[in-house]
>>> print(open('model_31.cif').read())   # mmCIF, C-alpha atoms and all ligand atoms
data_structure
loop_
_atom_site.group_PDB
_atom_site.id
_atom_site.type_symbol
_atom_site.label_atom_id
_atom_site.label_comp_id
_atom_site.auth_asym_id
_atom_site.auth_seq_id
_atom_site.Cartn_x
_atom_site.Cartn_y
_atom_site.Cartn_z
ATOM 1 C CA MET A 1161 112.989 -10.402 175.106
ATOM 2 C CA THR A 1162 111.879 -11.806 171.771
ATOM 3 C CA ASP A 1163 112.301 -8.437 170.070
ATOM 4 C CA ILE A 1164 116.033 -8.998 169.654
ATOM 5 C CA MET A 1165 115.426 -12.165 167.666
ATOM 6 C CA ASP A 1166 113.569 -11.669 164.438
ATOM 7 C CA ALA A 1167 112.361 -14.536 162.311
ATOM 8 C CA LYS A 1168 115.360 -14.365 160.012
ATOM 9 C CA GLU A 1169 117.806 -14.718 162.860
ATOM 10 C CA GLU A 1170 115.932 -17.667 164.218
ATOM 11 C CA SER A 1171 115.957 -19.507 160.910
ATOM 12 C CA SER A 1172 119.689 -18.980 160.475
ATOM 13 C CA ALA A 1173 120.443 -20.735 163.722
ATOM 14 C CA GLY A 1174 120.097 -24.247 162.318
ATOM 15 C CA ASN A 1175 118.789 -27.362 163.978
ATOM 16 C CA VAL A 1176 119.692 -27.916 167.578
ATOM 17 C CA ILE A 1177 119.151 -30.916 169.823
ATOM 18 C CA TYR A 1178 119.336 -30.092 173.502
ATOM 19 C CA VAL A 1179 119.798 -32.812 176.081
ATOM 20 C CA LEU A 1180 118.192 -31.960 179.409
ATOM 21 C CA GLY A 1181 118.914 -33.944 182.546
ATOM 22 C CA LEU A 1182 120.308 -34.177 186.034
ATOM 23 C CA PRO A 1183 124.000 -34.730 186.695
ATOM 24 C CA TYR A 1184 125.035 -38.412 186.608
ATOM 25 C CA SER A 1185 122.116 -39.301 184.393
ATOM 26 C CA GLY A 1186 124.152 -40.919 181.606
ATOM 27 C CA SER A 1187 123.566 -38.058 179.194
ATOM 28 C CA THR A 1188 127.127 -37.998 177.821
ATOM 29 C CA LEU A 1189 127.074 -41.660 176.852
ATOM 30 C CA PHE A 1190 123.615 -41.225 175.379
ATOM 31 C CA GLY A 1191 124.700 -38.118 173.458
ATOM 32 C CA LEU A 1192 127.721 -39.854 171.969
ATOM 33 C CA ALA A 1193 125.563 -42.791 170.899
ATOM 34 C CA LEU A 1194 123.050 -40.439 169.285
ATOM 35 C CA GLY A 1195 125.905 -38.566 167.594
ATOM 36 C CA GLN A 1196 126.926 -41.645 165.619
ATOM 37 C CA HIS A 1197 124.298 -40.651 163.072
ATOM 38 C CA SER A 1198 126.066 -38.873 160.219
ATOM 39 C CA ALA A 1199 123.638 -35.922 160.393
ATOM 40 C CA ILE A 1200 124.046 -35.362 164.153
ATOM 41 C CA HIS A 1201 127.145 -33.636 165.510
ATOM 42 C CA THR A 1202 127.726 -34.043 169.232
ATOM 43 C CA ILE A 1203 129.439 -30.949 170.560
ATOM 44 C CA GLY A 1204 129.281 -31.818 174.261
ATOM 45 C CA GLU A 1205 128.449 -29.361 177.002
ATOM 46 C CA MET A 1206 128.448 -26.270 174.819
ATOM 47 C CA ASN A 1207 128.186 -23.900 177.762
ATOM 48 C CA ASN A 1208 131.781 -24.857 178.636
ATOM 49 C CA ILE A 1209 133.394 -24.369 175.222
ATOM 50 C CA GLU A 1210 134.781 -20.944 176.040
ATOM 51 C CA SER A 1211 136.130 -21.781 179.465
ATOM 52 C CA ASP A 1212 137.540 -25.193 178.495
ATOM 53 C CA TYR A 1213 139.041 -24.401 175.106
ATOM 54 C CA ASN A 1214 142.788 -24.775 174.978
ATOM 55 C CA PRO A 1215 144.811 -25.736 171.875
ATOM 56 C CA LYS A 1216 146.572 -28.425 173.918
ATOM 57 C CA THR A 1217 143.356 -30.022 175.159
ATOM 58 C CA GLN A 1218 142.612 -33.500 173.905
ATOM 59 C CA CYS A 1219 139.589 -34.028 171.677
ATOM 60 C CA SER A 1220 137.655 -37.334 171.708
ATOM 61 C CA CYS A 1221 138.954 -37.983 168.166
ATOM 62 C CA GLY A 1222 142.396 -38.520 169.696
ATOM 63 C CA GLU A 1223 144.005 -35.304 168.419
ATOM 64 C CA LYS A 1224 144.831 -32.188 170.357
ATOM 65 C CA LEU A 1225 142.442 -29.350 169.516
ATOM 66 C CA GLN A 1226 145.144 -27.531 167.573
ATOM 67 C CA ASP A 1227 145.393 -30.551 165.235
ATOM 68 C CA CYS A 1228 141.729 -31.540 165.122
ATOM 69 C CA THR A 1229 140.190 -30.984 161.692
ATOM 70 C CA PHE A 1230 136.699 -30.461 163.073
ATOM 71 C CA TRP A 1231 137.586 -27.724 165.540
ATOM 72 C CA ASN A 1232 140.059 -26.063 163.171
ATOM 73 C CA GLY A 1233 137.344 -25.994 160.535
ATOM 74 C CA MET A 1234 134.937 -24.566 163.072
ATOM 75 C CA ARG A 1235 137.460 -21.887 163.986
ATOM 76 C CA SER A 1236 137.976 -20.739 160.416
ATOM 77 C CA SER A 1237 134.226 -20.709 159.886
ATOM 78 C CA LEU A 1238 133.758 -18.450 162.929
ATOM 79 C CA GLN A 1239 136.641 -16.289 161.745
ATOM 80 C CA LYS A 1240 134.940 -15.524 158.437
ATOM 81 C CA ASP A 1241 131.941 -13.825 159.954
ATOM 82 C CA SER A 1242 132.369 -10.515 161.749
ATOM 83 C CA GLU A 1243 129.408 -11.385 163.973
ATOM 84 C CA THR A 1244 130.935 -14.627 165.222
ATOM 85 C CA LYS A 1245 134.562 -13.550 165.187
ATOM 86 C CA ASP A 1246 134.402 -11.995 168.625
ATOM 87 C CA ILE A 1247 133.422 -15.262 170.306
ATOM 88 C CA LEU A 1248 136.686 -16.719 169.013
ATOM 89 C CA ASN A 1249 138.628 -14.116 170.948
ATOM 90 C CA ARG A 1250 137.066 -15.451 174.112
ATOM 91 C CA TRP A 1251 138.170 -18.995 173.274
ATOM 92 C CA ASP A 1252 141.697 -17.773 172.944
ATOM 93 C CA SER A 1253 141.630 -16.010 176.265
ATOM 94 C CA SER A 1254 140.371 -19.151 178.025
ATOM 95 C CA GLY A 1255 141.950 -19.916 181.301
ATOM 96 C CA ASN A 1256 141.034 -16.336 182.052
ATOM 97 C CA ALA A 1257 137.582 -16.549 180.553
ATOM 98 C CA ALA A 1258 135.311 -17.567 183.393
ATOM 99 C CA ARG A 1259 132.017 -19.293 182.769
ATOM 100 C CA HIS A 1260 129.126 -17.016 181.990
ATOM 101 C CA ILE A 1261 127.375 -15.961 185.174
ATOM 102 C CA ILE A 1262 124.306 -17.994 184.181
ATOM 103 C CA ASP A 1263 126.400 -21.164 183.785
ATOM 104 C CA ARG A 1264 128.320 -20.837 187.024
ATOM 105 C CA ARG A 1265 127.703 -23.530 189.604
ATOM 106 C CA GLY A 1266 126.709 -23.194 193.216
ATOM 107 C CA GLY A 1267 125.942 -20.135 195.270
ATOM 108 C CA LEU A 1268 122.820 -18.399 196.418
ATOM 109 C CA ARG A 1269 121.780 -17.512 192.870
ATOM 110 C CA LYS A 1270 121.466 -21.173 191.891
ATOM 111 C CA ILE A 1271 119.192 -21.788 194.846
ATOM 112 C CA LEU A 1272 116.885 -19.042 193.601
ATOM 113 C CA VAL A 1273 117.047 -20.513 190.089
ATOM 114 C CA VAL A 1274 115.920 -23.980 191.180
ATOM 115 C CA LEU A 1275 113.173 -22.439 193.280
ATOM 116 C CA GLY A 1276 111.734 -21.064 190.064
ATOM 117 C CA ILE A 1277 112.410 -17.330 190.491
ATOM 118 C CA PRO A 1278 112.508 -15.818 186.958
ATOM 119 C CA LEU A 1279 116.040 -15.724 185.524
ATOM 120 C CA GLN A 1280 115.656 -12.075 184.544
ATOM 121 C CA TRP A 1281 115.158 -11.167 188.205
ATOM 122 C CA ILE A 1282 118.152 -13.166 189.381
ATOM 123 C CA TYR A 1283 120.677 -12.309 186.686
ATOM 124 C CA GLY A 1284 119.210 -9.141 185.235
ATOM 125 C CA ARG A 1285 117.584 -8.698 181.883
ATOM 126 C CA GLN A 1286 120.797 -7.580 180.236
ATOM 127 C CA ASN A 1287 122.760 -10.693 181.201
ATOM 128 C CA CYS A 1288 119.978 -12.921 179.958
ATOM 129 C CA GLU A 1289 119.750 -11.113 176.627
ATOM 130 C CA GLU A 1290 123.485 -11.146 176.187
ATOM 131 C CA TYR A 1291 123.509 -14.876 176.917
ATOM 132 C CA GLU A 1292 120.862 -15.474 174.275
ATOM 133 C CA ARG A 1293 122.667 -13.370 171.697
ATOM 134 C CA THR A 1294 126.027 -15.053 172.259
ATOM 135 C CA ASN A 1295 124.538 -18.503 172.034
ATOM 136 C CA LEU A 1296 122.651 -17.600 168.916
ATOM 137 C CA LYS A 1297 125.998 -16.666 167.381
ATOM 138 C CA TYR A 1298 127.389 -20.053 168.312
ATOM 139 C CA PHE A 1299 124.511 -21.916 166.786
ATOM 140 C CA ARG A 1300 124.739 -19.777 163.678
ATOM 141 C CA GLY A 1301 128.466 -20.509 163.500
ATOM 142 C CA PHE A 1302 127.834 -24.243 163.714
ATOM 143 C CA GLN A 1303 125.061 -23.961 161.162
ATOM 144 C CA SER A 1304 127.293 -22.372 158.557
ATOM 145 C CA TYR A 1305 130.007 -24.945 159.223
ATOM 146 C CA LEU A 1306 127.888 -28.110 159.297
ATOM 147 C CA PRO A 1307 126.112 -29.542 156.250
ATOM 148 C CA SER A 1308 122.703 -27.953 155.803
ATOM 149 C CA GLY A 1309 119.885 -29.700 157.659
ATOM 150 C CA ASP A 1310 122.246 -31.409 160.103
ATOM 151 C CA TYR A 1311 121.760 -31.242 163.852
ATOM 152 C CA CYS A 1312 124.125 -29.803 166.391
ATOM 153 C CA LEU A 1313 123.800 -31.656 169.708
ATOM 154 C CA ASP A 1314 124.238 -29.686 172.928
ATOM 155 C CA LEU A 1315 124.707 -31.818 176.055
ATOM 156 C CA SER A 1316 124.704 -28.952 178.552
ATOM 157 C CA LYS A 1317 121.755 -30.502 180.463
ATOM 158 C CA SER A 1318 120.920 -27.447 182.559
ATOM 159 C CA PRO A 1319 117.278 -26.338 182.617
ATOM 160 C CA GLU A 1320 118.119 -22.639 183.005
ATOM 161 C CA ARG A 1321 120.174 -22.718 179.821
ATOM 162 C CA LEU A 1322 117.333 -24.486 178.047
ATOM 163 C CA GLU A 1323 114.908 -21.837 179.235
ATOM 164 C CA LEU A 1324 116.947 -19.092 177.558
ATOM 165 C CA LEU A 1325 117.681 -21.100 174.409
ATOM 166 C CA ASP A 1326 114.010 -21.903 174.065
ATOM 167 C CA GLU A 1327 113.219 -18.193 174.129
ATOM 168 C CA SER A 1328 115.759 -17.340 171.450
ATOM 169 C CA LEU A 1329 115.738 -20.428 169.223
ATOM 170 C CA GLY A 1330 112.089 -21.403 169.630
ATOM 171 C CA ALA A 1331 111.031 -24.276 167.405
ATOM 172 C CA LYS A 1332 114.621 -24.813 166.269
ATOM 173 C CA VAL A 1333 115.385 -26.713 169.469
ATOM 174 C CA LYS A 1334 114.417 -30.326 169.901
ATOM 175 C CA VAL A 1335 114.670 -31.311 173.538
ATOM 176 C CA ILE A 1336 115.505 -34.800 174.776
ATOM 177 C CA TYR A 1337 115.059 -35.278 178.506
ATOM 178 C CA VAL A 1338 117.314 -38.102 179.725
ATOM 179 C CA LYS A 1339 116.031 -39.630 182.941
ATOM 180 C CA ARG A 1340 117.945 -42.066 185.106
ATOM 181 C CA ARG A 1341 116.364 -43.648 188.174
ATOM 182 C CA LEU A 1342 116.453 -40.933 190.834
ATOM 183 C CA ARG A 1343 117.755 -43.357 193.410
ATOM 184 C CA ASP A 1344 120.788 -44.121 191.244
ATOM 185 C CA VAL A 1345 121.402 -40.446 190.588
ATOM 186 C CA TYR A 1346 121.238 -39.822 194.326
ATOM 187 C CA ALA A 1347 123.690 -42.632 195.082
ATOM 188 C CA SER A 1348 126.124 -41.333 192.448
ATOM 189 C CA ILE A 1349 125.954 -37.814 193.854
ATOM 190 C CA LEU A 1350 126.680 -39.075 197.366
ATOM 191 C CA LYS A 1351 129.726 -40.948 196.122
ATOM 192 C CA ARG A 1352 131.373 -38.010 194.355
ATOM 193 C CA PRO A 1353 134.044 -35.918 196.050
ATOM 194 C CA LYS A 1354 132.486 -32.676 197.266
ATOM 195 C CA ARG A 1355 133.787 -29.223 196.617
ATOM 196 C CA THR A 1356 130.742 -26.998 197.022
ATOM 197 C CA ARG A 1357 127.737 -26.778 199.306
ATOM 198 C CA LYS A 1358 129.666 -28.313 202.153
ATOM 199 C CA TYR A 1359 128.343 -25.967 204.788
ATOM 200 C CA TYR A 1360 124.638 -26.687 204.655
ATOM 201 C CA GLY A 1361 123.810 -29.568 206.982
ATOM 202 C CA PRO A 1362 124.272 -33.342 206.666
ATOM 203 C CA LYS A 1363 125.251 -34.382 203.170
ATOM 204 C CA ALA A 1364 122.564 -37.054 202.659
ATOM 205 C CA LEU A 1365 119.769 -34.618 203.481
ATOM 206 C CA ARG A 1366 121.277 -31.641 201.715
ATOM 207 C CA GLU A 1367 121.828 -33.566 198.469
ATOM 208 C CA ALA A 1368 118.358 -35.108 198.612
ATOM 209 C CA LEU A 1369 116.750 -31.687 198.937
ATOM 210 C CA TRP A 1370 118.909 -30.274 196.179
ATOM 211 C CA LEU A 1371 118.069 -33.191 193.902
ATOM 212 C CA PHE A 1372 114.379 -32.781 194.638
ATOM 213 C CA LEU A 1373 114.496 -29.110 193.663
ATOM 214 C CA ARG A 1374 116.677 -29.754 190.613
ATOM 215 C CA ALA A 1375 114.422 -32.547 189.310
ATOM 216 C CA ARG A 1376 111.393 -30.335 189.820
ATOM 217 C CA HIS A 1377 113.145 -27.520 187.978
ATOM 218 C CA CYS A 1378 113.958 -29.777 185.009
ATOM 219 C CA ASP A 1379 110.340 -30.968 184.909
ATOM 220 C CA ARG A 1380 109.020 -27.419 185.029
ATOM 221 C CA VAL A 1381 111.138 -26.149 182.131
ATOM 222 C CA PHE A 1382 110.484 -29.307 180.113
ATOM 223 C CA ALA A 1383 106.740 -28.833 180.541
ATOM 224 C CA ARG A 1384 106.959 -25.501 178.703
ATOM 225 C CA ILE A 1385 108.446 -27.028 175.530
ATOM 226 C CA SER A 1386 105.839 -27.758 172.880
ATOM 227 C CA ASP A 1387 104.904 -31.432 172.586
ATOM 228 C CA SER A 1388 106.153 -31.855 169.034
ATOM 229 C CA ASN A 1389 109.632 -30.676 170.034
ATOM 230 C CA LYS A 1390 110.305 -32.891 172.988
ATOM 231 C CA ALA A 1391 111.000 -36.514 173.862
ATOM 232 C CA VAL A 1392 111.859 -38.439 177.019
ATOM 233 C CA VAL A 1393 114.532 -41.137 177.146
ATOM 234 C CA ASN A 1394 114.706 -43.393 180.182
ATOM 235 C CA LEU A 1395 118.306 -44.400 180.649
ATOM 236 C CA SER A 1396 117.459 -47.973 181.674
ATOM 237 C CA GLU A 1397 115.394 -48.477 178.498
ATOM 238 C CA PHE A 1398 118.229 -47.046 176.450
ATOM 239 C CA ILE A 1399 120.733 -49.429 178.056
ATOM 240 C CA ASP A 1400 118.373 -52.382 177.519
ATOM 241 C CA ASP A 1401 117.831 -51.659 173.857
ATOM 242 C CA PRO A 1402 119.876 -48.750 172.461
ATOM 243 C CA LYS A 1403 118.976 -49.562 168.877
ATOM 244 C CA LYS A 1404 115.254 -49.228 169.453
ATOM 245 C CA VAL A 1405 115.566 -45.947 171.372
ATOM 246 C CA LEU A 1406 117.908 -44.403 168.804
ATOM 247 C CA SER A 1407 115.833 -45.396 165.790
ATOM 248 C CA ASN A 1408 112.685 -43.988 167.413
ATOM 249 C CA LEU A 1409 114.503 -40.714 167.917
ATOM 250 C CA ASP A 1410 115.853 -40.683 164.346
ATOM 251 C CA GLN A 1411 112.348 -41.123 163.089
ATOM 252 C CA TRP A 1412 111.069 -38.326 165.294
ATOM 253 C CA MET A 1413 113.764 -35.976 163.996
ATOM 254 C CA GLY A 1414 113.129 -36.932 160.388
ATOM 255 C CA LEU A 1415 116.526 -38.554 159.905
ATOM 256 C CA ASP A 1416 117.367 -41.465 157.678
ATOM 257 C CA PRO A 1417 117.959 -44.547 159.880
ATOM 258 C CA VAL A 1418 120.280 -46.061 157.250
ATOM 259 C CA SER A 1419 123.125 -43.865 158.529
ATOM 260 C CA ARG A 1420 123.300 -46.039 161.619
ATOM 261 C CA ASP A 1421 123.730 -49.326 159.777
ATOM 262 C CA GLY A 1422 127.505 -49.275 160.049
ATOM 263 C CA PHE A 1423 127.442 -49.056 163.820
ATOM 264 C CA SER A 1424 126.985 -51.758 166.379
ATOM 265 C CA PRO A 1425 124.224 -50.509 168.693
ATOM 266 C CA ARG A 1426 126.138 -51.237 171.903
ATOM 267 C CA HIS A 1427 129.408 -49.835 170.756
ATOM 268 C CA VAL A 1428 130.031 -46.078 170.782
ATOM 269 C CA GLU A 1429 132.906 -44.830 168.644
ATOM 270 C CA LEU A 1430 134.694 -41.851 170.142
ATOM 271 C CA ARG A 1431 137.339 -41.381 167.459
ATOM 272 C CA SER A 1432 134.769 -40.300 164.900
ATOM 273 C CA GLN A 1433 133.422 -37.563 167.194
ATOM 274 C CA HIS A 1434 134.818 -34.294 168.447
ATOM 275 C CA VAL A 1435 133.961 -33.650 172.070
ATOM 276 C CA PHE A 1436 136.380 -31.900 174.387
ATOM 277 C CA VAL A 1437 134.072 -30.464 177.048
ATOM 278 C CA GLY A 1438 132.389 -32.263 179.915
ATOM 279 C CA ASN A 1439 133.247 -35.712 181.211
ATOM 280 C CA THR A 1440 136.931 -36.495 181.122
ATOM 281 C CA TRP A 1441 136.405 -40.212 180.472
ATOM 282 C CA VAL A 1442 135.579 -39.242 176.905
ATOM 283 C CA LYS A 1443 139.102 -37.943 176.430
ATOM 284 C CA ARG A 1444 140.871 -40.577 178.485
ATOM 285 C CA SER A 1445 139.502 -43.628 176.688
ATOM 286 C CA GLN A 1446 142.431 -45.756 175.557
ATOM 287 C CA THR A 1447 140.502 -47.843 173.084
ATOM 288 C CA GLY A 1448 138.664 -44.991 171.387
ATOM 289 C CA SER A 1449 135.299 -46.526 172.079
ATOM 290 C CA VAL A 1450 132.923 -47.326 174.892
ATOM 291 C CA GLU A 1451 130.294 -50.005 175.447
ATOM 292 C CA ILE A 1452 126.717 -49.276 176.460
ATOM 293 C CA ARG A 1453 126.025 -51.499 179.455
ATOM 294 C CA GLU A 1454 124.665 -51.403 182.977
ATOM 295 C CA SER A 1455 127.170 -49.724 185.252
ATOM 296 C CA LYS A 1456 128.957 -52.177 187.502
ATOM 297 C CA ALA A 1457 129.452 -49.555 190.176
ATOM 298 C CA ARG A 1458 127.031 -50.427 192.943
ATOM 299 C CA THR A 1459 124.547 -47.820 193.901
ATOM 300 C CA GLU A 1460 123.903 -49.012 197.408
ATOM 301 C CA LEU A 1461 122.598 -46.582 200.011
ATOM 302 C CA THR A 1462 123.102 -46.833 203.753
ATOM 303 C CA ARG A 1463 119.952 -47.256 205.805
ATOM 304 C CA PHE A 1464 120.045 -43.588 206.775
ATOM 305 C CA GLN A 1465 120.517 -42.465 203.182
ATOM 306 C CA ALA A 1466 117.713 -44.746 201.983
ATOM 307 C CA THR A 1467 115.364 -43.298 204.600
ATOM 308 C CA VAL A 1468 116.227 -39.746 203.644
ATOM 309 C CA PHE A 1469 115.721 -40.620 199.994
ATOM 310 C CA ARG A 1470 112.275 -42.079 200.658
ATOM 311 C CA LEU A 1471 111.207 -39.102 202.747
ATOM 312 C CA VAL A 1472 112.457 -36.371 200.446
ATOM 313 C CA LEU A 1473 112.313 -37.907 196.986
ATOM 314 C CA GLY A 1474 110.067 -40.944 197.306
ATOM 315 C CA ALA A 1475 106.914 -39.499 195.783
ATOM 316 C CA ARG A 1476 108.770 -37.779 192.970
ATOM 317 C CA ALA A 1477 110.833 -40.873 192.226
ATOM 318 C CA GLU A 1478 107.681 -42.925 191.822
ATOM 319 C CA GLN A 1479 105.990 -40.712 189.274
ATOM 320 C CA TRP A 1480 109.183 -39.649 187.532
ATOM 321 C CA HIS A 1481 109.378 -42.456 185.014
ATOM 322 C CA LYS A 1482 105.692 -42.613 184.228
ATOM 323 C CA ARG A 1483 105.663 -39.725 181.799
HETATM 324 ZN ZN ZN B 1501 138.524 -33.794 167.191
#
>>> encode(input="model_31.cif", output="structure tokens")
Amino acid sequence: MTDIMDAKEESSAGNVIYVLGLPYSGSTLFGLALGQHSAIHTIGEMNNIESDYNPKTQCSCGEKLQDCTFWNGMRSSLQKDSETKDILNRWDSSGNAARHIIDRRGGLRKILVVLGIPLQWIYGRQNCEEYERTNLKYFRGFQSYLPSGDYCLDLSKSPERLELLDESLGAKVKVIYVKRRLRDVYASILKRPKRTRKYYGPKALREALWLFLRARHCDRVFARISDSNKAVVNLSEFIDDPKKVLSNLDQWMGLDPVSRDGFSPRHVELRSQHVFVGNTWVKRSQTGSVEIRESKARTELTRFQATVFRLVLGARAEQWHKR
């Protein structure tokens, strides 16, 4: 698969930060906090740009996309290059443009993915290569638009996407694995309204098994990333002391910490960022900012749920935060 990406292509892709994590792990809040550095540009869940783009959609800066300077600038930058121009056409057909097969949720294929069956077997070699090529175009588009040396921050979280990006972008990707206590993730998942997977057994057991497999899948893909290109952030440590966690990461990425001086560490500005994909709270914020603090929502489990959690996820939960 590497034959389609020569060294020149790789170097033109720019610097990418990829946030890996489970759903409900606080990665959006973390990503927005990280993106307050002037050399980091939080894009959000990049795998949803095509399907979610609509000129009338609200951006976190407060403008509609059609009036947002960042996304308009990005559009004209993509327009200039014949290679990247065709991805713009897909933005404009959104509504019709479904997610790429690799990014689609649910179904039998996803079960095979989390079990660790190679993606090329599940989706076919062609789909995987096409996915890599398209994403490389995106990253190249961002690279030519953003100031040289800056990072583009992708909050897609999914390990299968990371696996393919790692193959095509190689050392250009720095991976940050955001880990929230598994018990809290489990409680959040049980609280959400369900649309998929409703036919496979009792919810508490089904979600525990799924979470077990998903966490294992994240761990497995993360293990393949070279040590110098990866970092782990525990959400509780980040909430306790965001300043310390962020400045450690800045240092690791070779960024000047001075760019954070203007920001209060607990206060995340949304108006200065341009995210329109992913969590809707980003767009709905009335004040244009959000505080980093422990969630007040209780994450209590019933006795049955707690037992299932211990049986299915107990051992993994215990060792999860040690690394
Ligand atoms: Zn904007």
>>> atom_distance(input="model_31.cif", atom1="atom CA of A:Ser1237", atom2="atom CA of A:Gly1195")
21.2 Å
>>> residues_near_ligand(input="model_31.cif", ligand="ligand ZN 1501 (chain B)", cutoff="7 Å", atoms="only C-alpha atoms and all ligand atoms", output="number ranges by chain")
A: 1219-1223, 1225, 1228-1231, 1433-1435
>>> closest_residue(input="model_31.cif", among="A:Asp1387, A:Glu1397, A:Glu1367, A:Glu1327", to="A:Val1345", atoms="only C-alpha atoms")
A:Glu1367
>>> resolve_selection(input="model_31.cif", expression="the PyMOL selection byres (((chain A and resi 1185-1187) around 8) and not hetatm)", output="MDAnalysis selection string")
chainID A and resid 1179 1181:1184 1188:1191 1315 1317 1338:1340 1345 1395
>>> write_last_selection(input="model_31.cif", atoms="C-alpha atoms", output="short mmCIF file (atom, residue, chain, number, x, y, z; two decimals), keeping the file's coordinate frame")
data_model
loop_
_atom_site.label_atom_id
_atom_site.label_comp_id
_atom_site.auth_asym_id
_atom_site.auth_seq_id
_atom_site.Cartn_x
_atom_site.Cartn_y
_atom_site.Cartn_z
CA VAL A 1179 119.80 -32.81 176.08
CA GLY A 1181 118.91 -33.94 182.55
CA LEU A 1182 120.31 -34.18 186.03
CA PRO A 1183 124.00 -34.73 186.70
CA TYR A 1184 125.04 -38.41 186.61
CA THR A 1188 127.13 -38.00 177.82
CA LEU A 1189 127.07 -41.66 176.85
CA PHE A 1190 123.62 -41.22 175.38
CA GLY A 1191 124.70 -38.12 173.46
CA LEU A 1315 124.71 -31.82 176.06
CA LYS A 1317 121.76 -30.50 180.46
CA VAL A 1338 117.31 -38.10 179.72
CA LYS A 1339 116.03 -39.63 182.94
CA ARG A 1340 117.94 -42.07 185.11
CA VAL A 1345 121.40 -40.45 190.59
CA LEU A 1395 118.31 -44.40 180.65
#
>>> atom_distance(input="model_31.cif", atom1="atom CA of A:Ser1348", atom2="atom CA of A:Glu1429")
25.0 Å
>>> residues_around(input="model_31.cif", residues="stretch 1256-1272 of chain A", least_positions_apart="5", cutoff="7 Å", atoms="all atoms listed in the file", output="PyMOL selection string")
chain A and resi 1207-1208+1210-1211+1250+1277+1282+1356
>>> resolve_selection(input="model_31.cif", expression="the PyMOL selection byres (((chain A and resi 1448-1452) around 9) and not hetatm)", output="list of chain:residue names")
A:Leu1189, A:Phe1190, A:Ala1193, A:Ser1220, A:Cys1221, A:Gly1222, A:Phe1398, A:Ile1399, A:Asp1400, A:Pro1402, A:Pro1425, A:Arg1426, A:His1427, A:Val1428, A:Glu1429, A:Leu1430, A:Arg1431, A:Ser1432, A:Val1442, A:Lys1443, A:Arg1444, A:Ser1445, A:Gln1446, A:Thr1447, A:Arg1453, A:Glu1454, A:Ser1455
>>> residues_around(input="model_31.cif", residues="stretch 1472-1476 of chain A", least_positions_apart="4", cutoff="12 Å", atoms="all atoms listed in the file", output="MDAnalysis selection string")
chainID A and resid 1341:1346 1364:1376 1379 1465:1468 1480:1483
>>> closest_residue(input="model_31.cif", among="A:Val1335, A:Ile1203, A:Leu1313, A:Leu1296", to="A:Thr1244", atoms="only C-alpha atoms")
A:Leu1296
>>> build_atoms(input="model_31.cif", residues="stretch 1420-1431 of chain A", atoms="N, CA and C atoms", output="short mmCIF file (atom, residue, chain, number, x, y, z; two decimals), keeping the file's coordinate frame")
data_model
loop_
_atom_site.label_atom_id
_atom_site.label_comp_id
_atom_site.auth_asym_id
_atom_site.auth_seq_id
_atom_site.Cartn_x
_atom_site.Cartn_y
_atom_site.Cartn_z
N ARG A 1420 122.83 -45.34 160.43
CA ARG A 1420 123.30 -46.04 161.62
C ARG A 1420 123.71 -47.49 161.32
N ASP A 1421 123.50 -47.92 160.09
CA ASP A 1421 123.73 -49.33 159.78
C ASP A 1421 125.16 -49.78 160.04
N GLY A 1422 126.10 -48.88 159.87
CA GLY A 1422 127.50 -49.28 160.05
C GLY A 1422 127.92 -49.44 161.50
N PHE A 1423 127.05 -49.05 162.42
CA PHE A 1423 127.44 -49.06 163.82
C PHE A 1423 126.79 -50.20 164.59
N SER A 1424 127.58 -50.79 165.46
CA SER A 1424 126.98 -51.76 166.38
C SER A 1424 126.27 -50.96 167.46
N PRO A 1425 125.02 -51.34 167.79
CA PRO A 1425 124.22 -50.51 168.69
C PRO A 1425 124.80 -50.35 170.10
N ARG A 1426 125.61 -51.32 170.54
CA ARG A 1426 126.14 -51.24 171.90
C ARG A 1426 127.51 -50.60 171.99
N HIS A 1427 128.02 -50.23 170.83
CA HIS A 1427 129.41 -49.84 170.76
C HIS A 1427 129.48 -48.38 170.30
N VAL A 1428 129.98 -47.49 171.16
CA VAL A 1428 130.03 -46.08 170.78
C VAL A 1428 131.45 -45.69 170.40
N GLU A 1429 131.61 -45.27 169.15
CA GLU A 1429 132.91 -44.83 168.64
C GLU A 1429 133.20 -43.40 169.11
N LEU A 1430 134.33 -43.21 169.72
CA LEU A 1430 134.69 -41.85 170.14
C LEU A 1430 135.58 -41.17 169.11
N ARG A 1431 136.37 -41.96 168.39
CA ARG A 1431 137.34 -41.38 167.46
C ARG A 1431 136.69 -40.63 166.30
#
